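Asks: structure-v6.txt is reproduced below (compact mmCIF, C-alpha atoms).
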```txt
# COMPACT_ATOMS: atom_id res chain seq x y z
CA SER N 1420 15.10 -0.95 -25.46
CA ALA N 1421 14.89 -0.88 -21.66
CA LEU N 1422 11.24 -1.96 -21.69
CA GLU N 1423 11.96 -4.81 -24.09
CA ARG N 1424 14.61 -6.08 -21.67
CA LEU N 1425 12.22 -5.76 -18.73
CA GLU N 1426 9.46 -7.62 -20.58
CA GLN N 1427 11.87 -10.52 -21.05
CA VAL N 1428 12.50 -10.68 -17.29
CA TYR N 1429 9.20 -9.68 -15.70
CA PRO N 1430 6.21 -11.96 -16.31
CA MET N 1431 3.22 -10.04 -17.64
CA TYR N 1432 0.19 -12.20 -16.96
CA GLY N 1433 -3.42 -11.25 -17.35
CA ALA N 1434 -6.65 -13.05 -16.52
CA GLN N 1435 -6.40 -16.83 -15.98
CA GLY N 1436 -2.63 -16.66 -16.44
CA LYS N 1437 -2.86 -15.61 -20.08
CA PRO N 1438 -0.13 -13.31 -21.42
CA SER N 1439 -1.19 -9.69 -21.17
CA PRO N 1440 -0.27 -6.77 -23.46
CA LYS N 1441 3.21 -5.36 -23.15
CA ILE N 1442 4.16 -2.69 -20.62
CA SER N 1443 2.16 0.45 -21.31
CA LEU N 1444 4.40 3.49 -21.95
CA MET N 1445 3.45 7.15 -22.22
CA VAL N 1446 6.04 9.91 -22.73
CA MET N 1447 5.00 13.55 -22.28
CA GLU N 1448 7.34 16.31 -23.45
CA SER N 1449 7.15 19.59 -21.46
CA PRO N 1450 4.00 18.43 -19.67
CA ASP N 1451 1.52 20.88 -18.19
CA VAL N 1452 0.55 18.37 -15.49
CA THR N 1453 2.42 17.23 -12.38
CA TRP N 1454 3.41 13.69 -11.50
CA GLN N 1455 0.80 13.89 -8.73
CA ASP N 1456 -1.86 14.61 -11.37
CA MET N 1457 -0.75 11.59 -13.37
CA ALA N 1458 -0.61 9.38 -10.28
CA VAL N 1459 -4.20 10.28 -9.38
CA LYS N 1460 -5.30 9.67 -12.96
CA HIS N 1461 -3.71 6.23 -13.11
CA LEU N 1462 -4.82 5.26 -9.61
CA GLY N 1463 -8.35 5.99 -10.80
CA THR N 1464 -8.12 4.08 -14.08
CA MET N 1465 -9.37 0.51 -14.10
CA ILE N 1466 -6.84 -2.11 -15.26
CA ASN N 1467 -8.65 -4.98 -16.94
CA LEU N 1468 -6.20 -7.89 -16.86
CA GLY N 1469 -5.92 -9.63 -20.19
CA GLU N 1470 -6.97 -6.50 -22.08
CA SER N 1471 -4.51 -3.94 -20.71
CA SER N 1472 -1.04 -4.21 -19.23
CA PRO N 1473 -0.76 -4.77 -15.46
CA VAL N 1474 2.21 -2.37 -15.53
CA ARG N 1475 2.03 1.23 -16.74
CA LEU N 1476 4.89 3.68 -17.09
CA VAL N 1477 4.52 7.42 -17.62
CA MET N 1478 7.57 9.63 -18.20
CA LEU N 1479 7.13 13.39 -17.82
CA LYS N 1480 10.12 15.04 -19.54
CA TYR N 1481 11.02 18.66 -18.81
CA SER N 1482 13.03 21.11 -20.92
CA GLU N 1483 15.91 21.30 -18.42
CA GLY N 1484 16.59 17.58 -18.83
CA ASN N 1485 14.79 16.40 -15.71
CA ALA N 1486 11.98 13.88 -15.70
CA ASP N 1487 9.39 12.34 -13.40
CA LEU N 1488 8.48 8.65 -13.62
CA VAL N 1489 5.07 7.36 -12.58
CA LEU N 1490 4.83 3.57 -12.28
CA THR N 1491 1.45 1.90 -11.85
CA PHE N 1492 0.95 -1.79 -11.05
CA HIS N 1493 -2.17 -3.92 -10.73
CA HIS N 1494 -2.21 -4.94 -7.05
CA GLY N 1495 -3.61 -8.35 -7.94
CA VAL N 1496 -0.38 -9.00 -9.85
CA THR N 1497 2.25 -7.50 -7.60
CA ASP N 1498 3.00 -5.71 -4.34
CA GLY N 1499 5.06 -2.66 -3.35
CA ILE N 1500 8.37 -4.48 -2.93
CA ALA N 1501 8.05 -6.09 -6.36
CA GLY N 1502 7.44 -2.58 -7.70
CA VAL N 1503 10.78 -1.57 -6.17
CA PHE N 1504 12.49 -4.48 -7.96
CA PHE N 1505 11.02 -3.23 -11.24
CA LEU N 1506 12.10 0.38 -10.52
CA GLN N 1507 15.65 -0.69 -9.67
CA ASP N 1508 16.00 -2.61 -12.92
CA LEU N 1509 14.36 0.15 -14.95
CA LEU N 1510 16.79 2.77 -13.61
CA LYS N 1511 19.72 0.45 -14.27
CA LEU N 1512 18.67 -0.08 -17.90
CA LEU N 1513 17.93 3.61 -18.48
CA ASP N 1514 21.54 4.30 -17.56
CA ASN N 1515 22.96 1.35 -19.48
CA PRO N 1516 20.68 -0.65 -21.83
CA ASP N 1517 23.22 -3.50 -21.84
CA ALA N 1518 23.41 -3.82 -18.04
CA SER N 1519 22.91 -7.26 -16.55
CA ILE N 1520 19.64 -7.86 -14.69
CA GLU N 1521 19.37 -10.29 -11.81
CA PRO N 1522 16.85 -12.98 -12.76
CA LEU N 1523 13.61 -13.22 -10.83
CA THR N 1524 12.71 -16.22 -8.73
CA PRO N 1525 9.33 -17.90 -9.41
CA GLU N 1526 6.38 -16.40 -7.60
CA PRO N 1527 5.20 -18.88 -4.95
CA GLU N 1528 1.56 -19.85 -4.50
CA MET N 1529 0.06 -17.72 -1.74
CA VAL N 1530 -0.89 -20.76 0.33
CA GLU N 1531 2.75 -21.91 0.24
CA LEU N 1532 3.83 -18.72 2.02
CA ILE N 1533 2.15 -19.85 5.24
CA PRO N 1534 4.41 -22.19 7.28
CA ALA N 1535 2.83 -25.62 7.82
CA HIS N 1536 2.73 -25.36 11.62
CA ILE N 1537 1.03 -21.96 11.34
CA LYS N 1538 -1.36 -23.08 8.61
CA ASN N 1539 -2.62 -25.92 10.79
CA SER N 1540 -2.87 -23.87 13.97
CA PHE N 1541 -6.29 -23.50 15.57
CA LYS N 1542 -6.13 -19.71 15.48
CA ILE N 1543 -5.43 -19.53 11.75
CA LYS N 1544 -8.08 -22.15 11.00
CA MET N 1545 -10.62 -20.16 13.01
CA SER N 1546 -9.62 -16.96 11.19
CA LYS N 1547 -10.20 -18.66 7.86
CA PHE N 1548 -13.47 -20.20 9.08
CA GLY N 1549 -14.67 -16.83 10.38
CA MET N 1550 -14.06 -15.20 7.01
CA ASN N 1551 -16.00 -17.96 5.21
CA MET N 1552 -18.93 -17.78 7.63
CA GLY N 1553 -18.98 -13.97 7.45
CA VAL N 1554 -19.32 -14.01 3.67
CA ARG N 1555 -22.04 -16.67 3.86
CA MET N 1556 -23.99 -14.61 6.40
CA ILE N 1557 -23.74 -11.58 4.12
CA ARG N 1558 -25.08 -13.72 1.27
CA LEU N 1559 -27.99 -14.91 3.44
CA MET N 1560 -28.87 -11.32 4.34
CA GLU N 1561 -28.76 -10.47 0.63
CA ILE N 1562 -31.15 -13.31 -0.14
CA LEU N 1563 -33.48 -11.99 2.58
CA GLY N 1564 -33.60 -8.61 0.86
CA LYS N 1565 -30.65 -6.60 2.18
CA LYS N 1566 -29.29 -4.31 -0.52
CA TRP N 1567 -25.52 -3.71 -0.50
CA PRO N 1568 -23.70 -0.99 -2.46
CA THR N 1569 -21.89 -2.34 -5.50
CA ALA N 1570 -18.21 -1.62 -6.17
CA ASP N 1571 -18.98 -0.48 -9.74
CA ARG N 1572 -21.86 1.87 -8.89
CA LEU N 1573 -21.72 5.57 -9.74
CA VAL N 1574 -20.95 8.21 -7.11
CA GLY N 1575 -21.53 11.76 -8.35
CA GLY N 1576 -21.59 10.49 -11.92
CA LYS N 1577 -18.24 8.63 -11.66
CA HIS N 1578 -17.17 5.19 -10.53
CA PRO N 1579 -15.78 5.07 -6.98
CA TRP N 1580 -12.24 4.37 -8.18
CA GLU N 1581 -12.32 7.61 -10.21
CA HIS N 1582 -12.54 9.70 -7.02
CA MET N 1583 -8.94 9.39 -5.84
CA ASN N 1584 -7.10 12.17 -4.04
CA LEU N 1585 -3.57 12.25 -2.69
CA THR N 1586 -1.30 14.46 -0.63
CA THR N 1587 2.48 14.16 -0.39
CA ARG N 1588 5.26 15.44 1.83
CA MET N 1589 9.05 15.16 1.65
CA PHE N 1590 11.33 15.65 4.67
CA THR N 1591 14.75 17.25 4.51
CA GLU N 1592 17.90 15.24 5.20
CA ASP N 1593 18.21 16.86 8.64
CA GLN N 1594 14.60 16.04 9.49
CA THR N 1595 14.97 12.45 8.30
CA ARG N 1596 18.16 11.91 10.30
CA ALA N 1597 16.59 13.48 13.40
CA LEU N 1598 13.57 11.17 13.14
CA VAL N 1599 15.72 8.05 12.74
CA ALA N 1600 17.99 9.07 15.63
CA ARG N 1601 15.06 9.76 17.97
CA CYS N 1602 13.41 6.45 17.13
CA LYS N 1603 16.65 4.61 17.89
CA ALA N 1604 16.99 6.48 21.18
CA GLU N 1605 13.41 5.55 22.12
CA GLY N 1606 13.91 1.91 21.13
CA THR N 1607 11.16 1.94 18.55
CA SER N 1608 10.85 2.02 14.75
CA VAL N 1609 10.28 4.81 12.25
CA HIS N 1610 7.25 2.86 11.02
CA ALA N 1611 5.70 2.80 14.50
CA ALA N 1612 6.41 6.51 15.06
CA ILE N 1613 4.84 7.54 11.74
CA SER N 1614 1.85 5.27 12.40
CA THR N 1615 1.35 6.90 15.81
CA ALA N 1616 1.40 10.38 14.29
CA TRP N 1617 -1.20 9.48 11.65
CA LEU N 1618 -3.47 7.69 14.13
CA ARG N 1619 -3.47 10.70 16.42
CA ALA N 1620 -3.99 13.08 13.50
CA ARG N 1621 -7.07 11.16 12.40
CA LYS N 1622 -8.42 11.16 15.94
CA GLU N 1623 -7.95 14.92 16.21
CA LEU N 1624 -9.66 15.73 12.90
CA ILE N 1625 -12.33 12.99 12.90
CA PRO N 1626 -13.30 12.55 16.58
CA ASP N 1627 -15.56 9.56 17.27
CA GLY N 1628 -15.23 9.06 21.03
CA LYS N 1629 -12.85 6.11 20.75
CA TRP N 1630 -9.20 6.40 21.71
CA GLU N 1631 -8.26 2.89 20.56
CA ARG N 1632 -6.99 3.20 17.01
CA ILE N 1633 -6.04 0.48 14.54
CA VAL N 1634 -3.32 0.36 11.91
CA SER N 1635 -2.77 -2.26 9.20
CA SER N 1636 0.84 -2.80 8.07
CA PRO N 1637 1.58 -4.89 4.96
CA VAL N 1638 4.45 -7.34 5.56
CA ASN N 1639 6.96 -8.45 2.94
CA LEU N 1640 7.19 -12.27 3.26
CA ARG N 1641 10.14 -12.82 0.93
CA GLY N 1642 12.65 -13.02 3.76
CA TYR N 1643 10.44 -15.24 5.93
CA ALA N 1644 9.62 -17.64 3.08
CA ASN N 1645 13.10 -17.44 1.49
CA THR N 1646 11.65 -16.67 -1.93
CA GLY N 1647 14.43 -14.39 -3.15
CA LYS N 1648 13.59 -11.77 -5.77
CA ALA N 1649 10.04 -12.91 -6.43
CA PHE N 1650 7.85 -10.61 -8.51
CA GLY N 1651 4.26 -10.93 -7.38
CA LEU N 1652 1.99 -10.70 -4.36
CA VAL N 1653 4.32 -12.04 -1.65
CA MET N 1654 2.86 -10.36 1.42
CA SER N 1655 0.48 -10.48 4.35
CA ASN N 1656 -0.79 -7.89 6.86
CA ILE N 1657 -0.33 -7.15 10.54
CA VAL N 1658 -3.31 -5.39 12.12
CA VAL N 1659 -2.84 -4.02 15.64
CA ALA N 1660 -4.82 -1.74 17.95
CA VAL N 1661 -3.31 0.75 20.38
CA ASP N 1662 -4.61 3.23 22.95
CA CYS N 1663 -3.97 6.75 21.62
CA SER N 1664 -5.37 8.64 24.62
CA PRO N 1665 -3.95 12.19 24.77
CA GLU N 1666 -2.45 11.66 28.23
CA ARG N 1667 -0.26 8.85 26.90
CA ASP N 1668 3.28 9.72 25.85
CA PHE N 1669 3.81 9.65 22.08
CA TRP N 1670 6.78 7.32 22.35
CA ALA N 1671 4.95 4.95 24.69
CA VAL N 1672 2.29 4.51 22.01
CA ALA N 1673 4.92 4.00 19.29
CA SER N 1674 6.78 1.44 21.43
CA GLU N 1675 3.55 -0.47 22.08
CA LEU N 1676 2.84 -0.55 18.36
CA LYS N 1677 6.29 -1.93 17.61
CA GLN N 1678 6.00 -4.56 20.34
CA LYS N 1679 2.58 -5.73 19.17
CA MET N 1680 3.78 -5.97 15.57
CA ALA N 1681 6.82 -7.99 16.66
CA LYS N 1682 4.56 -10.28 18.71
CA ASP N 1683 2.32 -10.93 15.69
CA VAL N 1684 5.39 -11.87 13.65
CA GLU N 1685 6.68 -14.23 16.35
CA SER N 1686 3.29 -15.87 17.00
CA GLY N 1687 2.39 -16.28 13.34
CA GLU N 1688 -0.62 -14.00 13.67
CA MET N 1689 0.72 -12.00 10.70
CA TYR N 1690 -0.40 -14.86 8.43
CA ALA N 1691 -4.09 -14.48 9.41
CA TRP N 1692 -4.84 -12.03 6.56
CA LEU N 1693 -3.08 -14.30 4.07
CA ALA N 1694 -5.05 -17.32 5.32
CA GLN N 1695 -8.30 -15.42 4.90
CA THR N 1696 -7.28 -14.33 1.40
CA THR N 1697 -6.40 -17.87 0.32
CA GLY N 1698 -9.65 -19.03 1.92
CA MET N 1699 -11.54 -16.94 -0.63
CA VAL N 1700 -10.39 -19.44 -3.25
CA THR N 1701 -12.50 -22.16 -1.63
CA LEU N 1702 -15.68 -20.09 -1.98
CA SER N 1703 -18.02 -20.32 -4.92
CA PRO N 1704 -17.54 -17.59 -7.56
CA LYS N 1705 -20.73 -15.88 -6.36
CA LEU N 1706 -19.59 -15.79 -2.72
CA ALA N 1707 -16.05 -14.73 -3.66
CA GLU N 1708 -17.44 -11.86 -5.74
CA LEU N 1709 -19.67 -10.83 -2.83
CA GLY N 1710 -16.73 -10.95 -0.41
CA MET N 1711 -14.59 -8.76 -2.65
CA ASN N 1712 -17.48 -6.33 -3.13
CA MET N 1713 -17.85 -5.98 0.65
CA PHE N 1714 -14.10 -5.37 0.98
CA PHE N 1715 -14.16 -2.55 -1.56
CA THR N 1716 -17.32 -0.78 -0.39
CA HIS N 1717 -17.28 -1.10 3.42
CA HIS N 1718 -15.02 0.19 6.18
CA PRO N 1719 -11.92 -2.04 6.41
CA GLY N 1720 -11.91 -2.15 10.23
CA TYR N 1721 -8.72 -0.13 10.65
CA ASP N 1722 -7.86 3.56 10.52
CA PHE N 1723 -4.91 3.41 8.12
CA SER N 1724 -3.09 0.98 5.89
CA MET N 1725 0.53 2.00 6.45
CA THR N 1726 3.10 0.68 3.96
CA ASN N 1727 6.77 1.49 4.56
CA LEU N 1728 9.16 0.50 1.78
CA GLY N 1729 12.07 1.37 4.06
CA ARG N 1730 15.43 2.73 2.93
CA LEU N 1731 15.70 2.18 -0.81
CA LYS N 1732 18.90 1.31 -2.63
CA LEU N 1733 18.64 2.50 -6.22
CA PRO N 1734 21.19 2.48 -9.07
CA ASN N 1735 22.77 5.89 -9.73
CA SER N 1736 20.96 7.15 -6.64
CA GLU N 1737 22.53 10.61 -6.97
CA ASN N 1738 20.40 11.16 -10.08
CA VAL N 1739 17.14 10.32 -8.28
CA ASN N 1740 15.75 13.19 -6.22
CA ALA N 1741 13.01 11.33 -4.35
CA VAL N 1742 10.74 8.30 -4.42
CA TYR N 1743 7.11 8.50 -3.36
CA GLY N 1744 4.78 5.63 -2.62
CA PRO N 1745 3.42 3.17 -2.71
CA LEU N 1746 0.10 4.86 -3.41
CA VAL N 1747 -2.73 2.34 -3.19
CA ASN N 1748 -6.22 2.35 -4.64
CA GLY N 1749 -7.75 0.02 -2.06
CA GLY N 1750 -11.19 -0.12 -0.51
CA GLU N 1751 -13.43 2.93 -0.83
CA GLN N 1752 -13.33 3.74 2.89
CA GLU N 1753 -9.60 3.03 3.20
CA PHE N 1754 -6.95 5.61 4.06
CA THR N 1755 -3.54 4.47 2.79
CA VAL N 1756 -0.18 6.01 3.63
CA GLY N 1757 2.96 5.07 1.70
CA VAL N 1758 6.40 5.78 3.15
CA ALA N 1759 9.78 5.54 1.42
CA THR N 1760 13.29 6.80 2.19
CA HIS N 1761 15.86 7.56 -0.48
CA ASN N 1762 19.12 9.49 -0.10
CA ASN N 1763 18.11 10.46 3.46
CA HIS N 1764 14.86 12.01 2.26
CA LEU N 1765 11.78 10.40 3.79
CA THR N 1766 8.53 10.86 1.86
CA MET N 1767 4.92 10.23 2.83
CA SER N 1768 2.01 9.84 0.41
CA PHE N 1769 -1.62 9.79 1.54
CA ALA N 1770 -4.30 8.35 -0.81
CA TYR N 1771 -8.05 8.52 -0.19
CA ARG N 1772 -11.42 8.97 -1.91
CA ASP N 1773 -12.78 12.50 -2.28
CA PHE N 1774 -16.30 11.40 -1.27
CA VAL N 1775 -14.87 10.06 2.02
CA LEU N 1776 -12.44 12.91 2.74
CA SER N 1777 -12.21 16.29 1.03
CA LYS N 1778 -8.93 17.49 -0.48
CA GLU N 1779 -8.81 20.26 2.13
CA MET N 1780 -9.30 17.82 4.99
CA GLY N 1781 -6.71 15.47 3.47
CA GLU N 1782 -4.15 18.28 3.47
CA GLN N 1783 -5.08 19.20 7.05
CA MET N 1784 -4.70 15.60 8.22
CA THR N 1785 -1.31 15.31 6.52
CA ASP N 1786 -0.12 18.58 8.09
CA CYS N 1787 -1.40 17.45 11.49
CA ALA N 1788 0.44 14.11 11.24
CA VAL N 1789 3.68 15.88 10.28
CA GLU N 1790 3.30 18.41 13.10
CA LEU N 1791 2.61 15.71 15.70
CA LEU N 1792 5.63 13.75 14.51
CA TRP N 1793 8.03 16.70 14.74
CA GLU N 1794 6.65 17.77 18.10
CA ALA N 1795 7.62 14.31 19.37
CA VAL N 1796 11.03 14.34 17.66
CA ARG N 1797 12.10 17.76 18.96
```
Using structure tokens, write down the structure that the file contains.
Replies:
Amino acid sequence: SALERLEQVYPMYGAQGKPSPKISLMVMESPDVTWQDMAVKHLGTMINLGESSPVRLVMLKYSEGNADLVLTFHHGVTDGIAGVFFLQDLLKLLDNPDASIEPLTPEPEMVELIPAHIKNSFKIKMSKFGMNMGVRMIRLMEILGKKWPTADRLVGGKHPWEHMNLTTRMFTEDQTRALVARCKAEGTSVHAAISTAWLRARKELIPDGKWERIVSSPVNLRGYANTGKAFGLVMSNIVVAVDCSPERDFWAVASELKQKMAKDVESGEMYAWLAQTTGMVTLSPKLAELGMNMFFTHHPGYDFSMTNLGRLKLPNSENVNAVYGPLVNGGEQEFTVGVATHNNHLTMSFAYRDFVLSKEMGEQMTDCAVELLWEAVR
């Protein structure tokens, strides 16, 4: 009943805008697997738009009446904030199947999200031009005999996307409040503080001689573009570098990160990634496929993709213990960290490929990031 209502509200489109199958639902009674197991499984399962649903829901039901929900979305169809919209409406309907659901606003074309004065700026045009020329140069090298790894090759007998690992942590209410209070006192953001901790943790565990570290932060554009409750890919990215030298104060690094992110918002630099993405549309299918293949198989140029969903407001929040995510199956070399806060419990989720980072090293890096963060907060 709840899913039928959601299917009436949320557009389920597959390849070339064709309707896709309905929301995929799996219910497991007294499961012998954890939600983390299911999340890894679904992160590593290819979603072929037009043949399978872009939205998957797994409910793990336990004998004591509790349950875990695992929601999986195709990232070409939606982003993390749209996933939150879906979760909010799902929880509302699970409590009351007749509850009213706020209608969605139409998803805007990606190119329409870039303000006209930014779209026509020299810097954005050069960013778009650079992406086009880069892909063409890669194609030329391919023609001359350079062999590139393919995104669908086998690694250890499995496709690269079947090698996902994840680690998760949840902070207590006292820890979460202490972190927020310290960030306010230092004049910086929780996002910048967490980013600093992860950047320094990576540097400690994977030393490479460079102290300048780079973080990519997805940006929700709904407020900037006044799109309302749009379900879709309504986002861009801010990519900033910061000096993480050990002699620098933790909070000085976090403050610099926050300032640089704010500057990219004010200058319009945050639309560069979106401009490059829309520029892919102008390429031939062969070049576009090559560009996507390079994105998935090569180093992204930053240390972490850090997505913070912020403080979530969920219906019947007292019945929801915690929210984790978003977990992202991105490029093979990408390290993604998802952050969410619900009922004063902050959670962090770290997703990565096991042929890039072992499970043991992933746990060590997560512990190191948490330790560095609390050392700074205390």
Asks: Within 9 Å of (17.1, -11.0, -13.1), all atoms listed in the file: residues as a VMD selection string?
Replies: chain N and resid 1428 to 1429 1508 1519 to 1524 1648
Asks: Which one of N:Arg1588, N:Thr1491, N:Lys1603, N:Ala1486 sits closest to N:Met1465 if you count only C-alpha atoms?
Replies: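 The shortest atom-to-atom distance to N:Met1465 comes from N:Thr1491.
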Asks: Taking only C-alpha atoms into account, produce a table as a Markdown table in which each residue of stretch 1453-1479 of chain N with an atom at most 9 Å from an atom of stretch 1745-1767 of chain N appears once, together with its shortest atom pair and the distance in Å to one decimal, ordered by chain and rising number.
Replies:
```
| residue | atom | partner | partner_atom | distance |
| --- | --- | --- | --- | --- |
| N:Ala1458 | CA | N:Leu1746 | CA | 8.3 |
| N:Leu1462 | CA | N:Asn1748 | CA | 5.9 |
| N:Gly1463 | CA | N:Asn1748 | CA | 7.5 |
```
Asks: Mind pulling up the distance from atom CA of N:Met1560 to atom CA of N:Leu1709?
Replies: 11.7 Å
Asks: Considering all atoms listed in the file, return as a PDB file with C-alpha atoms, in the frame of the given file whatever protein or nucleic-acid residues lie within 9 Å of stretch 1711-1724 of chain N, sequence-local ones (same chain, fewer than 3 positions apart) excluded.
Replies:
```
ATOM      1  CA  VAL N1554     -19.320 -14.010   3.670  1.00  0.00           C
ATOM      2  CA  ILE N1557     -23.740 -11.580   4.120  1.00  0.00           C
ATOM      3  CA  TRP N1567     -25.520  -3.710  -0.500  1.00  0.00           C
ATOM      4  CA  PRO N1568     -23.700  -0.990  -2.460  1.00  0.00           C
ATOM      5  CA  THR N1569     -21.890  -2.340  -5.500  1.00  0.00           C
ATOM      6  CA  ALA N1570     -18.210  -1.620  -6.170  1.00  0.00           C
ATOM      7  CA  ASP N1571     -18.980  -0.480  -9.740  1.00  0.00           C
ATOM      8  CA  PRO N1579     -15.780   5.070  -6.980  1.00  0.00           C
ATOM      9  CA  SER N1614       1.850   5.270  12.400  1.00  0.00           C
ATOM     10  CA  TRP N1617      -1.200   9.480  11.650  1.00  0.00           C
ATOM     11  CA  LEU N1618      -3.470   7.690  14.130  1.00  0.00           C
ATOM     12  CA  ARG N1621      -7.070  11.160  12.400  1.00  0.00           C
ATOM     13  CA  ARG N1632      -6.990   3.200  17.010  1.00  0.00           C
ATOM     14  CA  ILE N1633      -6.040   0.480  14.540  1.00  0.00           C
ATOM     15  CA  VAL N1634      -3.320   0.360  11.910  1.00  0.00           C
ATOM     16  CA  SER N1635      -2.770  -2.260   9.200  1.00  0.00           C
ATOM     17  CA  SER N1636       0.840  -2.800   8.070  1.00  0.00           C
ATOM     18  CA  PRO N1637       1.580  -4.890   4.960  1.00  0.00           C
ATOM     19  CA  VAL N1658      -3.310  -5.390  12.120  1.00  0.00           C
ATOM     20  CA  VAL N1659      -2.840  -4.020  15.640  1.00  0.00           C
ATOM     21  CA  ALA N1660      -4.820  -1.740  17.950  1.00  0.00           C
ATOM     22  CA  MET N1699     -11.540 -16.940  -0.630  1.00  0.00           C
ATOM     23  CA  LEU N1706     -19.590 -15.790  -2.720  1.00  0.00           C
ATOM     24  CA  ALA N1707     -16.050 -14.730  -3.660  1.00  0.00           C
ATOM     25  CA  GLU N1708     -17.440 -11.860  -5.740  1.00  0.00           C
ATOM     26  CA  GLY N1749      -7.750   0.020  -2.060  1.00  0.00           C
ATOM     27  CA  GLY N1750     -11.190  -0.120  -0.510  1.00  0.00           C
ATOM     28  CA  GLU N1751     -13.430   2.930  -0.830  1.00  0.00           C
ATOM     29  CA  GLN N1752     -13.330   3.740   2.890  1.00  0.00           C
ATOM     30  CA  GLU N1753      -9.600   3.030   3.200  1.00  0.00           C
ATOM     31  CA  PHE N1754      -6.950   5.610   4.060  1.00  0.00           C
ATOM     32  CA  THR N1755      -3.540   4.470   2.790  1.00  0.00           C
ATOM     33  CA  VAL N1756      -0.180   6.010   3.630  1.00  0.00           C
ATOM     34  CA  GLY N1757       2.960   5.070   1.700  1.00  0.00           C
TER      35      GLY N1757
END
```
Asks: Can you pull out the residues contacting N:Gln1507? Cut-off 10 Å, using all atoms listed in the file, and skip same-chain residues under 5 positions away; I want them as a ChimeraX atom specification.
Replies: /N:1501-1502,1512,1520,1731-1736
Asks: Within 8 Å of stretch 1610-1612 of chain N, counting all atoms listed in the file, which residues show up once you throw out same-chain ones fewer than 6 positions away? Write them as a list in words, please.
Replies: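 Returned residues: Cys1602, Trp1670, Ala1673, Ser1674, Leu1676, Lys1677, Asn1727 and Leu1792 of chain N.
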Asks: For N:Arg1555, which residue out of N:Ile1533, N:Ala1671, N:Leu1513, N:Leu1702 is the nearest one, using all atoms listed in the file?
Replies: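 Distance minimum relative to N:Arg1555 lands on N:Leu1702.
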Asks: Pick from N:Gly1469, N:Pro1450, N:Gly1647, N:Gly1628: nearest to N:Asp1487, with only C-alpha atoms counted?
Replies: N:Pro1450
Asks: Could you work out how far atom CA of N:Lys1679 lies from atom CA of N:Phe1541, giving the answer in Å with one decimal?
Replies: 20.2 Å
Asks: What is the atom CA of N:Ser1608 to atom CA of N:Asn1740 distance in Å?
Replies: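 The value is 24.3 Å.
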Asks: Out of N:Ile1442, N:Ala1770, N:Met1552, N:Leu1532, which residue has the shortest atom-to-atom distance to N:Thr1785 when counting all atoms listed in the file?
Replies: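 Counting all atoms listed in the file, the residue closest to N:Thr1785 is N:Ala1770.
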Asks: Find the residue from N:Ala1597, N:Leu1693, N:Thr1587, N:Trp1580 that sits nearest to N:Gln1783; use all atoms listed in the file when measuring.
Replies: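 Answer, going by the shortest atom-to-atom distance: N:Thr1587.
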